Each structure stands twice: as structure tokens, then as C-alpha cells.
file model-v1.cif (mmCIF, C-alpha atoms)
data_run
#
loop_
_atom_site.group_PDB
_atom_site.id
_atom_site.type_symbol
_atom_site.label_atom_id
_atom_site.label_comp_id
_atom_site.auth_asym_id
_atom_site.auth_seq_id
_atom_site.Cartn_x
_atom_site.Cartn_y
_atom_site.Cartn_z
ATOM 1 C CA MET A 16 17.041 24.322 2.376
ATOM 2 C CA PRO A 17 16.734 26.935 5.149
ATOM 3 C CA THR A 18 13.953 29.471 4.731
ATOM 4 C CA GLY A 19 15.715 32.374 6.448
ATOM 5 C CA ASN A 20 13.474 32.706 9.498
ATOM 6 C CA PRO A 21 14.215 35.627 11.873
ATOM 7 C CA GLY A 22 16.949 35.052 14.439
ATOM 8 C CA PRO A 23 16.059 34.047 18.008
ATOM 9 C CA THR A 24 15.410 36.587 20.758
ATOM 10 C CA PRO A 25 17.510 36.617 24.002
ATOM 11 C CA ASP A 26 14.753 34.796 25.915
ATOM 12 C CA ASP A 27 14.448 32.310 23.093
ATOM 13 C CA ILE A 28 18.213 31.739 23.126
ATOM 14 C CA ARG A 29 18.221 30.929 26.842
ATOM 15 C CA ALA A 30 15.365 28.478 26.416
ATOM 16 C CA ARG A 31 16.972 26.937 23.333
ATOM 17 C CA ILE A 32 20.325 26.462 25.092
ATOM 18 C CA HIS A 33 18.475 24.483 27.759
ATOM 19 C CA THR A 34 16.800 22.394 25.056
ATOM 20 C CA VAL A 35 20.136 21.715 23.323
ATOM 21 C CA GLU A 36 21.697 20.619 26.628
ATOM 22 C CA LYS A 37 18.840 18.170 27.195
ATOM 23 C CA THR A 38 18.794 16.873 23.617
ATOM 24 C CA PHE A 39 22.516 16.288 23.099
ATOM 25 C CA THR A 40 24.086 14.483 26.062
ATOM 26 C CA PRO A 41 27.649 13.334 25.245
ATOM 27 C CA GLY A 42 28.475 13.170 28.972
ATOM 28 C CA ARG A 43 25.588 10.844 29.811
ATOM 29 C CA PRO A 44 24.709 7.456 28.278
ATOM 30 C CA ILE A 45 21.385 7.092 26.518
ATOM 31 C CA SER A 46 19.004 4.938 28.540
ATOM 32 C CA SER A 47 15.835 5.156 26.456
ATOM 33 C CA LEU A 48 15.140 2.800 23.563
ATOM 34 C CA ALA A 49 13.418 5.666 21.760
ATOM 35 C CA GLU A 50 16.739 7.556 21.623
ATOM 36 C CA LEU A 51 18.898 4.585 20.635
ATOM 37 C CA VAL A 52 19.638 4.994 16.915
ATOM 38 C CA GLY A 53 21.281 2.372 14.714
ATOM 39 C CA ARG A 54 21.736 -0.318 17.378
ATOM 40 C CA GLU A 55 18.471 -2.198 16.889
ATOM 41 C CA ALA A 56 20.128 -5.232 15.255
ATOM 42 C CA SER A 57 22.800 -5.474 17.975
ATOM 43 C CA LEU A 58 20.162 -5.156 20.669
ATOM 44 C CA ARG A 59 18.078 -7.937 19.115
ATOM 45 C CA GLU A 60 21.152 -10.157 18.887
ATOM 46 C CA LEU A 61 21.959 -9.541 22.553
ATOM 47 C CA LEU A 62 18.381 -10.407 23.505
ATOM 48 C CA ARG A 63 18.613 -13.646 21.508
ATOM 49 C CA VAL A 64 21.877 -14.630 23.190
ATOM 50 C CA VAL A 65 20.566 -13.930 26.686
ATOM 51 C CA ALA A 66 17.426 -15.955 25.924
ATOM 52 C CA SER A 67 19.481 -18.941 24.693
ATOM 53 C CA PRO A 68 20.501 -21.625 27.234
ATOM 54 C CA GLY A 69 24.239 -21.980 27.671
ATOM 55 C CA ARG A 70 25.062 -18.737 25.887
ATOM 56 C CA HIS A 71 26.728 -15.567 27.164
ATOM 57 C CA ALA A 72 27.738 -12.359 25.374
ATOM 58 C CA PHE A 73 30.762 -10.142 24.852
ATOM 59 C CA VAL A 74 29.678 -6.699 23.572
ATOM 60 C CA VAL A 75 32.608 -5.029 21.861
ATOM 61 C CA GLY A 76 33.352 -1.625 20.412
ATOM 62 C CA GLY A 77 35.909 1.150 20.443
ATOM 63 C CA ARG A 78 35.685 4.326 22.501
ATOM 64 C CA GLY A 79 32.624 6.358 21.623
ATOM 65 C CA ALA A 80 30.811 3.438 19.953
ATOM 66 C CA GLY A 81 27.939 3.568 22.431
ATOM 67 C CA LYS A 82 28.538 0.362 24.411
ATOM 68 C CA THR A 83 27.382 1.894 27.688
ATOM 69 C CA SER A 84 24.237 3.331 26.118
ATOM 70 C CA MET A 85 23.233 0.064 24.480
ATOM 71 C CA ILE A 86 23.785 -1.935 27.664
ATOM 72 C CA SER A 87 21.807 0.630 29.679
ATOM 73 C CA CYS A 88 18.886 0.353 27.250
ATOM 74 C CA PHE A 89 19.134 -3.435 27.294
ATOM 75 C CA LEU A 90 19.057 -3.617 31.092
ATOM 76 C CA ASP A 91 16.108 -1.230 31.221
ATOM 77 C CA CYS A 92 14.271 -3.365 28.671
ATOM 78 C CA ALA A 93 15.133 -6.612 30.496
ATOM 79 C CA SER A 94 14.102 -5.352 33.934
ATOM 80 C CA ARG A 95 10.751 -4.116 32.591
ATOM 81 C CA ALA A 96 10.026 -7.335 30.699
ATOM 82 C CA ALA A 97 11.136 -9.639 33.532
ATOM 83 C CA PRO A 98 11.112 -7.827 36.903
ATOM 84 C CA GLN A 99 12.023 -11.047 38.685
ATOM 85 C CA ILE A 100 15.546 -10.873 37.217
ATOM 86 C CA THR A 101 18.326 -9.615 39.482
ATOM 87 C CA CYS A 102 20.590 -7.313 37.446
ATOM 88 C CA VAL A 103 24.087 -6.363 38.607
ATOM 89 C CA ARG A 104 26.493 -4.152 36.680
ATOM 90 C CA MET A 105 30.161 -4.054 37.673
ATOM 91 C CA ASN A 106 33.140 -2.063 36.399
ATOM 92 C CA CYS A 107 36.275 -4.199 36.083
ATOM 93 C CA GLU A 108 38.832 -1.391 36.104
ATOM 94 C CA ASN A 109 41.984 -2.325 38.040
ATOM 95 C CA SER A 110 40.252 -5.349 39.570
ATOM 96 C CA SER A 111 41.076 -9.018 39.990
ATOM 97 C CA PHE A 112 38.745 -12.012 39.694
ATOM 98 C CA LYS A 113 38.417 -12.122 43.471
ATOM 99 C CA ALA A 114 37.758 -8.389 43.864
ATOM 100 C CA ILE A 115 35.177 -8.326 41.072
ATOM 101 C CA TRP A 116 33.219 -11.324 42.290
ATOM 102 C CA SER A 117 33.369 -10.269 45.940
ATOM 103 C CA LYS A 118 31.603 -7.040 44.948
ATOM 104 C CA VAL A 119 29.149 -8.810 42.637
ATOM 105 C CA LEU A 120 28.118 -11.377 45.242
ATOM 106 C CA LYS A 121 27.707 -8.712 47.938
ATOM 107 C CA ARG A 122 25.568 -6.635 45.605
ATOM 108 C CA ILE A 123 23.373 -9.615 44.725
ATOM 109 C CA LEU A 124 22.767 -10.339 48.410
ATOM 110 C CA ALA A 125 21.992 -6.682 49.115
ATOM 111 C CA LEU A 126 19.510 -6.472 46.221
ATOM 112 C CA GLN A 127 17.725 -9.527 47.552
ATOM 113 C CA GLY A 128 17.561 -8.143 51.084
ATOM 114 C CA ARG A 129 19.917 -10.734 52.514
ATOM 115 C CA ALA A 130 22.775 -10.140 54.933
ATOM 116 C CA PRO A 131 25.970 -9.710 52.884
ATOM 117 C CA THR A 132 28.455 -12.501 53.368
ATOM 118 C CA GLN A 133 32.016 -11.289 53.845
ATOM 119 C CA PHE A 134 34.110 -12.429 50.889
ATOM 120 C CA ASP A 135 37.075 -10.091 51.387
ATOM 121 C CA ASN A 136 39.206 -12.612 53.257
ATOM 122 C CA VAL A 137 38.131 -15.613 51.217
ATOM 123 C CA ASP A 138 40.192 -16.955 48.312
ATOM 124 C CA LEU A 139 37.288 -17.160 45.876
ATOM 125 C CA SER A 140 37.643 -19.797 43.190
ATOM 126 C CA ARG A 141 35.406 -20.314 40.186
ATOM 127 C CA LEU A 142 33.682 -23.163 42.054
ATOM 128 C CA ASP A 143 32.972 -20.933 45.069
ATOM 129 C CA VAL A 144 31.419 -18.334 42.785
ATOM 130 C CA GLU A 145 29.382 -20.919 40.892
ATOM 131 C CA PHE A 146 28.055 -22.321 44.204
ATOM 132 C CA GLU A 147 27.015 -18.864 45.407
ATOM 133 C CA LEU A 148 25.308 -18.070 42.104
ATOM 134 C CA ALA A 149 23.472 -21.393 42.145
ATOM 135 C CA CYS A 150 22.084 -20.543 45.606
ATOM 136 C CA VAL A 151 20.365 -17.398 44.293
ATOM 137 C CA LYS A 152 16.647 -18.062 43.799
ATOM 138 C CA SER A 153 16.045 -15.547 40.994
ATOM 139 C CA PRO A 154 17.548 -15.409 37.474
ATOM 140 C CA LEU A 155 20.732 -13.342 37.307
ATOM 141 C CA LEU A 156 21.897 -10.897 34.645
ATOM 142 C CA LEU A 157 25.476 -9.821 35.319
ATOM 143 C CA VAL A 158 27.250 -7.127 33.274
ATOM 144 C CA PHE A 159 31.007 -6.552 33.439
ATOM 145 C CA ASP A 160 32.033 -3.191 31.955
ATOM 146 C CA ASP A 161 35.629 -2.480 30.846
ATOM 147 C CA PHE A 162 36.435 -6.182 30.829
ATOM 148 C CA ASP A 163 39.664 -5.543 28.910
ATOM 149 C CA GLU A 164 40.985 -4.057 32.189
ATOM 150 C CA VAL A 165 41.216 -7.655 33.462
ATOM 151 C CA SER A 166 44.680 -8.365 32.118
ATOM 152 C CA ASN A 167 45.986 -11.042 34.481
ATOM 153 C CA LEU A 168 46.037 -14.345 32.592
ATOM 154 C CA GLU A 169 45.123 -16.359 35.668
ATOM 155 C CA ASP A 170 42.096 -14.150 36.298
ATOM 156 C CA LEU A 171 41.027 -14.460 32.662
ATOM 157 C CA ALA A 172 41.328 -18.240 32.915
ATOM 158 C CA LYS A 173 39.127 -18.210 36.022
ATOM 159 C CA PHE A 174 36.483 -16.183 34.206
ATOM 160 C CA ALA A 175 36.586 -18.562 31.237
ATOM 161 C CA ASN A 176 36.326 -21.640 33.447
ATOM 162 C CA LEU A 177 33.495 -20.067 35.435
ATOM 163 C CA ILE A 178 31.474 -19.476 32.268
ATOM 164 C CA LYS A 179 31.938 -23.136 31.330
ATOM 165 C CA VAL A 180 30.940 -24.356 34.810
ATOM 166 C CA ILE A 181 27.844 -22.124 34.842
ATOM 167 C CA CYS A 182 26.794 -23.581 31.491
ATOM 168 C CA ASP A 183 27.611 -27.183 32.411
ATOM 169 C CA ASN A 184 25.602 -26.958 35.638
ATOM 170 C CA ALA A 185 22.720 -24.968 34.118
ATOM 171 C CA VAL A 186 23.057 -22.152 36.642
ATOM 172 C CA ASP A 187 20.394 -19.500 35.969
ATOM 173 C CA ALA A 188 22.891 -16.692 35.375
ATOM 174 C CA LYS A 189 23.851 -14.789 32.248
ATOM 175 C CA LEU A 190 27.163 -12.951 31.896
ATOM 176 C CA ILE A 191 27.585 -9.989 29.556
ATOM 177 C CA LEU A 192 31.181 -8.844 29.148
ATOM 178 C CA VAL A 193 31.799 -5.395 27.670
ATOM 179 C CA GLY A 194 35.101 -4.214 26.237
ATOM 180 C CA SER A 195 37.321 -3.700 23.227
ATOM 181 C CA PRO A 196 37.272 -5.908 20.102
ATOM 182 C CA GLY A 197 40.857 -7.027 20.659
ATOM 183 C CA ALA A 198 40.206 -8.112 24.232
ATOM 184 C CA ALA A 199 37.169 -10.140 23.197
ATOM 185 C CA THR A 200 39.020 -11.915 20.398
ATOM 186 C CA LEU A 201 42.012 -12.741 22.595
ATOM 187 C CA PHE A 202 39.804 -13.967 25.437
ATOM 188 C CA LYS A 203 37.831 -16.247 23.161
ATOM 189 C CA ARG A 204 40.890 -17.593 21.337
ATOM 190 C CA ALA A 205 42.977 -18.056 24.460
ATOM 191 C CA HIS A 206 40.316 -20.081 26.282
ATOM 192 C CA ILE A 207 38.902 -22.831 24.107
ATOM 193 C CA SER A 208 36.438 -23.759 26.850
ATOM 194 C CA VAL A 209 34.339 -20.621 26.236
ATOM 195 C CA GLN A 210 34.228 -20.624 22.441
ATOM 196 C CA ARG A 211 30.922 -22.454 22.155
ATOM 197 C CA HIS A 212 29.353 -20.469 25.018
ATOM 198 C CA LEU A 213 30.421 -16.887 24.226
ATOM 199 C CA GLN A 214 28.905 -14.787 21.435
ATOM 200 C CA ILE A 215 30.818 -11.670 20.372
ATOM 201 C CA ILE A 216 28.455 -8.807 19.486
ATOM 202 C CA PRO A 217 30.324 -5.986 17.710
ATOM 203 C CA LEU A 218 29.147 -2.382 17.736
ATOM 204 C CA ASP A 219 30.391 -1.068 14.415
ATOM 205 C CA GLU A 220 30.203 2.524 13.200
ATOM 206 C CA LEU A 221 26.699 3.785 12.506
ATOM 207 C CA ASP A 222 25.803 3.796 8.831
ATOM 208 C CA PRO A 223 25.326 7.198 7.120
ATOM 209 C CA ALA A 224 21.521 6.965 7.204
ATOM 210 C CA ASN A 225 21.579 6.468 10.983
ATOM 211 C CA VAL A 226 23.987 9.375 11.469
ATOM 212 C CA GLN A 227 21.785 11.614 9.335
ATOM 213 C CA GLU A 228 18.704 10.590 11.315
ATOM 214 C CA PHE A 229 20.496 11.121 14.628
ATOM 215 C CA LEU A 230 21.719 14.635 13.814
ATOM 216 C CA SER A 231 18.912 16.053 11.731
ATOM 217 C CA ASP A 232 16.129 14.856 14.057
ATOM 218 C CA ARG A 233 17.812 16.306 17.123
ATOM 219 C CA TRP A 234 18.710 19.609 15.494
ATOM 220 C CA ARG A 235 15.122 20.016 14.333
ATOM 221 C CA GLN A 236 13.856 19.148 17.844
ATOM 222 C CA CYS A 237 15.916 22.128 19.006
ATOM 223 C CA GLY A 238 14.325 24.378 16.377
ATOM 224 C CA PHE A 239 17.193 24.530 13.870
ATOM 225 C CA GLU A 240 17.295 24.372 10.126
ATOM 226 C CA ILE A 241 20.331 22.641 8.633
ATOM 227 C CA MET A 242 22.358 23.614 5.601
ATOM 228 C CA ASP A 243 22.821 20.563 3.371
ATOM 229 C CA ASP A 244 26.598 20.969 3.274
ATOM 230 C CA ALA A 245 26.676 21.334 7.069
ATOM 231 C CA LEU A 246 24.831 18.038 7.527
ATOM 232 C CA SER A 247 27.128 16.309 5.031
ATOM 233 C CA LEU A 248 30.219 17.578 6.849
ATOM 234 C CA ALA A 249 28.862 16.537 10.243
ATOM 235 C CA MET A 250 28.112 13.039 8.915
ATOM 236 C CA GLU A 251 31.646 12.739 7.581
ATOM 237 C CA LEU A 252 33.447 14.092 10.644
ATOM 238 C CA SER A 253 31.465 12.058 13.171
ATOM 239 C CA CYS A 254 33.035 8.866 11.760
ATOM 240 C CA GLY A 255 29.842 6.983 12.603
ATOM 241 C CA LEU A 256 30.453 7.222 16.350
ATOM 242 C CA PRO A 257 27.433 8.059 18.558
ATOM 243 C CA TYR A 258 29.653 10.024 20.957
ATOM 244 C CA SER A 259 31.029 12.177 18.127
ATOM 245 C CA CYS A 260 27.498 12.775 16.829
ATOM 246 C CA GLN A 261 26.486 13.982 20.279
ATOM 247 C CA VAL A 262 29.472 16.322 20.637
ATOM 248 C CA ILE A 263 29.287 17.777 17.135
ATOM 249 C CA GLY A 264 25.511 18.133 17.295
ATOM 250 C CA LYS A 265 25.587 19.901 20.651
ATOM 251 C CA HIS A 266 28.418 22.349 20.013
ATOM 252 C CA ALA A 267 27.323 23.216 16.464
ATOM 253 C CA ALA A 268 23.892 24.118 17.857
ATOM 254 C CA LEU A 269 25.381 26.201 20.661
ATOM 255 C CA LEU A 270 27.636 28.023 18.195
ATOM 256 C CA ALA A 271 24.660 28.847 15.980
ATOM 257 C CA LEU A 272 22.810 30.259 18.990
ATOM 258 C CA SER A 273 25.858 32.277 20.031
ATOM 259 C CA HIS A 274 25.581 34.013 16.648
ATOM 260 C CA LYS A 275 21.793 34.377 17.067
ATOM 261 C CA ARG A 276 21.069 32.081 14.152
ATOM 262 C CA ASN A 277 18.426 29.397 13.617
ATOM 263 C CA VAL A 278 20.539 27.725 10.952
ATOM 264 C CA ILE A 279 23.377 25.203 11.407
ATOM 265 C CA THR A 280 26.205 26.084 9.003
ATOM 266 C CA VAL A 281 29.414 24.443 7.833
ATOM 267 C CA GLU A 282 31.381 26.853 10.028
ATOM 268 C CA ASP A 283 29.423 25.696 13.106
ATOM 269 C CA VAL A 284 30.107 22.050 12.363
ATOM 270 C CA ALA A 285 33.804 22.584 11.601
ATOM 271 C CA ALA A 286 34.334 24.480 14.847
ATOM 272 C CA ALA A 287 32.332 21.934 16.870
ATOM 273 C CA THR A 288 34.558 19.108 15.669
ATOM 274 C CA GLY A 289 37.388 20.521 17.772
ATOM 275 C CA GLN A 290 35.475 19.394 20.852
ATOM 276 C CA VAL A 291 35.669 15.731 19.857
ATOM 277 C CA ASP A 292 38.392 13.639 21.431
ATOM 278 C CA GLU A 293 41.064 13.342 18.729
ATOM 279 C CA HIS A 294 41.964 9.881 19.966
ATOM 280 C CA ILE A 295 38.446 8.623 19.293
ATOM 281 C CA LEU A 296 38.546 9.931 15.730
ATOM 282 C CA LEU A 297 41.989 8.424 15.140
ATOM 283 C CA MET A 298 41.013 5.004 16.474
ATOM 284 C CA SER A 299 37.814 5.053 14.431
ATOM 285 C CA ALA A 300 39.811 5.775 11.278
ATOM 286 C CA ILE A 301 42.189 2.899 12.069
ATOM 287 C CA ASN A 302 39.327 0.500 12.798
ATOM 288 C CA SER A 303 37.529 1.510 9.595
ATOM 289 C CA LYS A 304 40.657 0.857 7.550
ATOM 290 C CA GLN A 305 41.151 -2.540 9.200
ATOM 291 C CA ALA A 306 37.519 -3.470 8.541
ATOM 292 C CA LEU A 307 37.901 -2.447 4.888
ATOM 293 C CA ASN A 308 41.042 -4.579 4.586
ATOM 294 C CA ARG A 309 39.213 -7.582 6.100
ATOM 295 C CA ARG A 310 36.344 -7.214 3.619
ATOM 296 C CA SER A 311 38.785 -7.075 0.691
ATOM 297 C CA ASP A 312 40.761 -10.153 1.829
#

call {"tool": "encode", "arguments": {"input": "model-v1.cif", "output": "C-alpha cells"}}
result
Amino acid sequence: MPTGNPGPTPDDIRARIHTVEKTFTPGRPISSLAELVGREASLRELLRVVASPGRHAFVVGGRGAGKTSMISCFLDCASRAAPQITCVRMNCENSSFKAIWSKVLKRILALQGRAPTQFDNVDLSRLDVEFELACVKSPLLLVFDDFDEVSNLEDLAKFANLIKVICDNAVDAKLILVGSPGAATLFKRAHISVQRHLQIIPLDELDPANVQEFLSDRWRQCGFEIMDDALSLAMELSCGLPYSCQVIGKHAALLALSHKRNVITVEDVAAATGQVDEHILLMSAINSKQALNRRSD
């Protein structure tokens, strides 16, 4: 329970606002393993998949689930542990198989200090891509964000066939696809050739203990005490989403400071919730209900 310490001074408030802005970062992915809460099991599973011959990964989660943060931490961990690996991360938004792989191959060549081959006017097939990847001397770790943006069935088939060819020919390249749960399930079901090579790694909602740790630790780092009912409400309204935890935690703290208080109250949390994207909360509620239905089937 709060002890009723004196309120902060104006200088203290300015310094504390700066601390809050650095501690809660909903607009920037987490890149430090020390800050990654509740994703340890998923991270270990991803590491196991990447270390397994003939296996690739599809990391899935809804908006606000922390996919970008987990992948950023994974890549940082991988590059530190094995600096010889060439890592390339590509966003698939509004892109075709050819456009995506043209950019990936150019980036690989640039990272290795080689003259970039012009792929723009070449009709890249899965075999062309596999040949180029096989020519790279270092291990490759390739991440494809927003993979559900690849909606053309022919392009999806090329990706699926490429994964199979890479595995069949033991090319030293690992693909990590990142997207929505529905896209991952459809991709895996629609292309039988990838089922034994592709591991789906879901990022579910954080459990209540992780949410409590996330919020209470960060609020205390910023010098706040927390009313028990305020913490309970924040845990409930965050819906287990890291993004929502960041938003609620940040704005509740700023509201407390605006009232010159060192205590986070229910009113702060309730008002802060208005900053969270309503769509994220709605989709989380739908996903939670679907998961509950699956467990009861």
C-alpha cells in the first residue's frame, strides 16, 4: 500500500517525465533481452527451430502482441552469439515474391561488401533464389515481417516451394516468417510441401503474473507507488498485450505526475486506457474467446 510520500517538485516532475518516456516505449520495439517479459519460452522455441536442420519458423501473433520486439531481441542475441551469420530483415507489405527477394539478395550482397547484382529486370524463380542463397559463403538468417501481406497465391506457392528446395539442398539459410495466426495456418495448410519444415510459434497474451511484473517493475523504476486496485485494473484492461501494457503504463504515470502525485490510482489507469487502440483490444478479446472455445472443445 502507498505510504503517502510528499508530492514531487517541479524539477522532479520534469526529470520524472523524462524517465517515464524512456521506461515506457509503446512507439519503439524492445530490443534488449533484459526488458523482454513473458516471451522466454517462445524465444527458446525459436532458437531451437533455427538450430535444427531443415526447420524454419513462422512467428505469429495479433497486433500489439510484441512480435517485432521478440524478433529484434532474437536477432540481437543471434548476431552476438554467432557474428559470422548474415542477418537480413525485410518487410513484405505490398510486395511480390520477386520484389521481396530482389531486395533481400541485394541487401545480402551489400552486407558482404560485394557489388549488388541487378535483379529488377530478372524474372526470379524459386530456383534462381535458391542458387543465389547457396552461393553465399556465410550462414543466412532471413526475417520476413508482415508476411500476411503476401496475398497472391502464386507468390505464396513460390515461397513454400523455396523453403522445400532450401531444405532438400541443405542450403545454409534459415527463414523466419512473421505475421498473423490466420495467415500462418492457411499458408501451412495450403502448401503441404512446407508442413514438415515450418514450425508455427504463437505469441499468446501474457499471463497475469507477467503483466503484473511488467507494470509494477516499470512504475517503481519511475519512482511511483501503485494502488492495489489500480494495478488490478491495469492488468485487466491491458488484455495481456505488451503494447497495451506500455501505453497504459506510460499514460497512467504521466497523468499521476500532471496531478503532482507519486501514486498511480484507478483514475489514472482508467483515463490512460483511452490511449490504447480500440481495435487491438477488440481483436484481443475475440482471440481470447476463440482460444477458450478451442480449449473447451

call {"tool": "resolve_selection", "arguments": {"input": "model-v1.cif", "expression": "the PyMOL selection byres ((chain A and resi 257-261) around 7)", "output": "PyMOL selection string"}}
result
chain A and resi 39-41+79-81+230+253+255-256+262-265+291

call {"tool": "atom_distance", "arguments": {"input": "model-v1.cif", "atom1": "CA of Asp163 (chain A)", "atom2": "CA of Ser117 (chain A)"}}
result
18.8 Å

call {"tool": "closest_residue", "arguments": {"input": "model-v1.cif", "among": "A:Pro68, A:Ala188, A:Cys88, A:Arg233", "to": "Ile123 (chain A)", "atoms": "only C-alpha atoms"}}
result
A:Ala188

call {"tool": "resolve_selection", "arguments": {"input": "model-v1.cif", "expression": "the PyMOL selection byres ((chain A and resi 242) around 8)", "output": "JSON, numbers by chain"}}
result
{"A": [16, 17, 240, 241, 243, 244, 245, 246, 278, 279, 280, 281]}

call {"tool": "atom_distance", "arguments": {"input": "model-v1.cif", "atom1": "CA of Arg104 (chain A)", "atom2": "CA of Arg122 (chain A)"}}
result
9.3 Å

call {"tool": "atom_distance", "arguments": {"input": "model-v1.cif", "atom1": "CA of Ser111 (chain A)", "atom2": "CA of Leu190 (chain A)"}}
result
16.6 Å

call {"tool": "closest_atom_pairs", "arguments": {"input": "model-v1.cif", "of": "region 66-142 of chain A", "to": "region 165-185 of chain A", "cutoff": "7 Å", "atoms": "only C-alpha atoms", "output": "CSV"}}
result
residue,atom,partner,partner_atom,distance
A:Gly69,CA,A:Cys182,CA,4.9
A:Cys107,CA,A:Val165,CA,6.6
A:Ser110,CA,A:Val165,CA,6.6
A:Ser111,CA,A:Asp170,CA,6.4
A:Phe112,CA,A:Asp170,CA,5.2
A:Arg141,CA,A:Leu177,CA,5.1

call {"tool": "resolve_selection", "arguments": {"input": "model-v1.cif", "expression": "the PyMOL selection byres ((chain A and resi 60) around 12)", "output": "list in words"}}
result
Arg54, Glu55, Ala56, Ser57, Leu58, Arg59, Leu61, Leu62, Arg63, Val64, Val65, Ala66, Ser67, Arg70, His71, Ala72, Phe73, Val74, Met85, Phe89, Gln214, Ile215, Ile216, Pro217 and Leu218 of chain A

call {"tool": "closest_residue", "arguments": {"input": "model-v1.cif", "among": "A:Cys237, A:Leu156, A:Val226, A:Ala199", "to": "Ala97 (chain A)", "atoms": "all atoms listed in the file"}}
result
A:Leu156

call {"tool": "residues_near_point", "arguments": {"input": "model-v1.cif", "point": "(29.3, -9.5, 30.5)", "cutoff": "6 Å", "atoms": "only C-alpha atoms", "output": "PDB file with C-alpha atoms, in the coordinates of the input"}}
result
ATOM      1  CA  PHE A  73      30.762 -10.142  24.852  1.00  0.00           C
ATOM      2  CA  VAL A 158      27.250  -7.127  33.274  1.00  0.00           C
ATOM      3  CA  PHE A 159      31.007  -6.552  33.439  1.00  0.00           C
ATOM      4  CA  LEU A 190      27.163 -12.951  31.896  1.00  0.00           C
ATOM      5  CA  ILE A 191      27.585  -9.989  29.556  1.00  0.00           C
ATOM      6  CA  LEU A 192      31.181  -8.844  29.148  1.00  0.00           C
ATOM      7  CA  VAL A 193      31.799  -5.395  27.670  1.00  0.00           C
TER       8      VAL A 193
END

call {"tool": "closest_residue", "arguments": {"input": "model-v1.cif", "among": "A:Val209, A:Arg29, A:Glu251, A:Gln99", "to": "Gln227 (chain A)", "atoms": "only C-alpha atoms"}}
result
A:Glu251

call {"tool": "residues_near_point", "arguments": {"input": "model-v1.cif", "point": "(18.2, 9.1, 15.7)", "cutoff": "6 Å", "atoms": "only C-alpha atoms", "output": "PyMOL selection string"}}
result
chain A and resi 52+228-229

call {"tool": "closest_residue", "arguments": {"input": "model-v1.cif", "among": "A:Arg211, A:Ser247, A:Asp161, A:Asp283", "to": "Gly77 (chain A)", "atoms": "all atoms listed in the file"}}
result
A:Asp161

call {"tool": "residues_around", "arguments": {"input": "model-v1.cif", "residues": "Gly197 (chain A)", "least_positions_apart": "3", "cutoff": "9 Å", "atoms": "only C-alpha atoms", "output": "PyMOL selection string"}}
result
chain A and resi 75+163+194+200-202

call {"tool": "closest_residue", "arguments": {"input": "model-v1.cif", "among": "A:Lys118, A:Lys189, A:Arg31, A:Arg129", "to": "Cys102 (chain A)", "atoms": "all atoms listed in the file"}}
result
A:Lys189

call {"tool": "axis_aligned_box", "arguments": {"input": "model-v1.cif", "around": "region 99-107 of chain A", "padding_each_side": "8 Å", "output": "JSON"}}
result
{"center_x": 24.1, "center_y": -6.6, "center_z": 37.8, "size_x": 40.3, "size_y": 25.0, "size_z": 19.4}

call {"tool": "closest_residue", "arguments": {"input": "model-v1.cif", "among": "A:Thr38, A:Asn225, A:Ile115, A:Ala125", "to": "Val144 (chain A)", "atoms": "only C-alpha atoms"}}
result
A:Ile115

call {"tool": "decode", "arguments": {"input": "model-v1.cif", "residues": "region 244-277 of chain A", "atoms": "C-alpha atoms", "output": "compact mmCIF listing (two decimals), in the first residue's frame"}}
result
# COMPACT_ATOMS: atom_id res chain seq x y z
CA ASP A 244 -6.90 -1.66 -7.28
CA ALA A 245 -5.07 0.42 -9.89
CA LEU A 246 -2.68 -2.44 -10.66
CA SER A 247 -5.57 -4.91 -10.86
CA LEU A 248 -7.45 -2.67 -13.29
CA ALA A 249 -4.37 -2.13 -15.45
CA MET A 250 -3.78 -5.90 -15.61
CA GLU A 251 -7.37 -6.46 -16.69
CA LEU A 252 -7.54 -3.68 -19.28
CA SER A 253 -4.20 -4.49 -20.91
CA CYS A 254 -5.65 -7.81 -22.13
CA GLY A 255 -2.20 -9.37 -21.83
CA LEU A 256 -0.81 -7.37 -24.75
CA PRO A 257 2.70 -5.88 -24.34
CA TYR A 258 1.72 -2.84 -26.42
CA SER A 259 -1.29 -2.12 -24.19
CA CYS A 260 0.88 -2.52 -21.08
CA GLN A 261 3.28 0.05 -22.49
CA VAL A 262 0.54 2.55 -23.35
CA ILE A 263 -1.39 2.19 -20.10
CA GLY A 264 1.78 2.23 -18.01
CA LYS A 265 3.13 5.36 -19.70
CA HIS A 266 -0.02 7.48 -19.71
CA ALA A 267 -1.10 6.50 -16.19
CA ALA A 268 2.32 7.62 -14.94
CA LEU A 269 2.14 10.89 -16.86
CA LEU A 270 -1.36 11.56 -15.51
CA ALA A 271 -0.17 10.99 -11.95
CA LEU A 272 2.67 13.46 -12.50
CA SER A 273 0.29 16.00 -14.02
CA HIS A 274 -1.55 15.94 -10.68
CA LYS A 275 1.77 16.11 -8.77
CA ARG A 276 1.29 12.66 -7.28
CA ASN A 277 3.72 9.81 -6.63
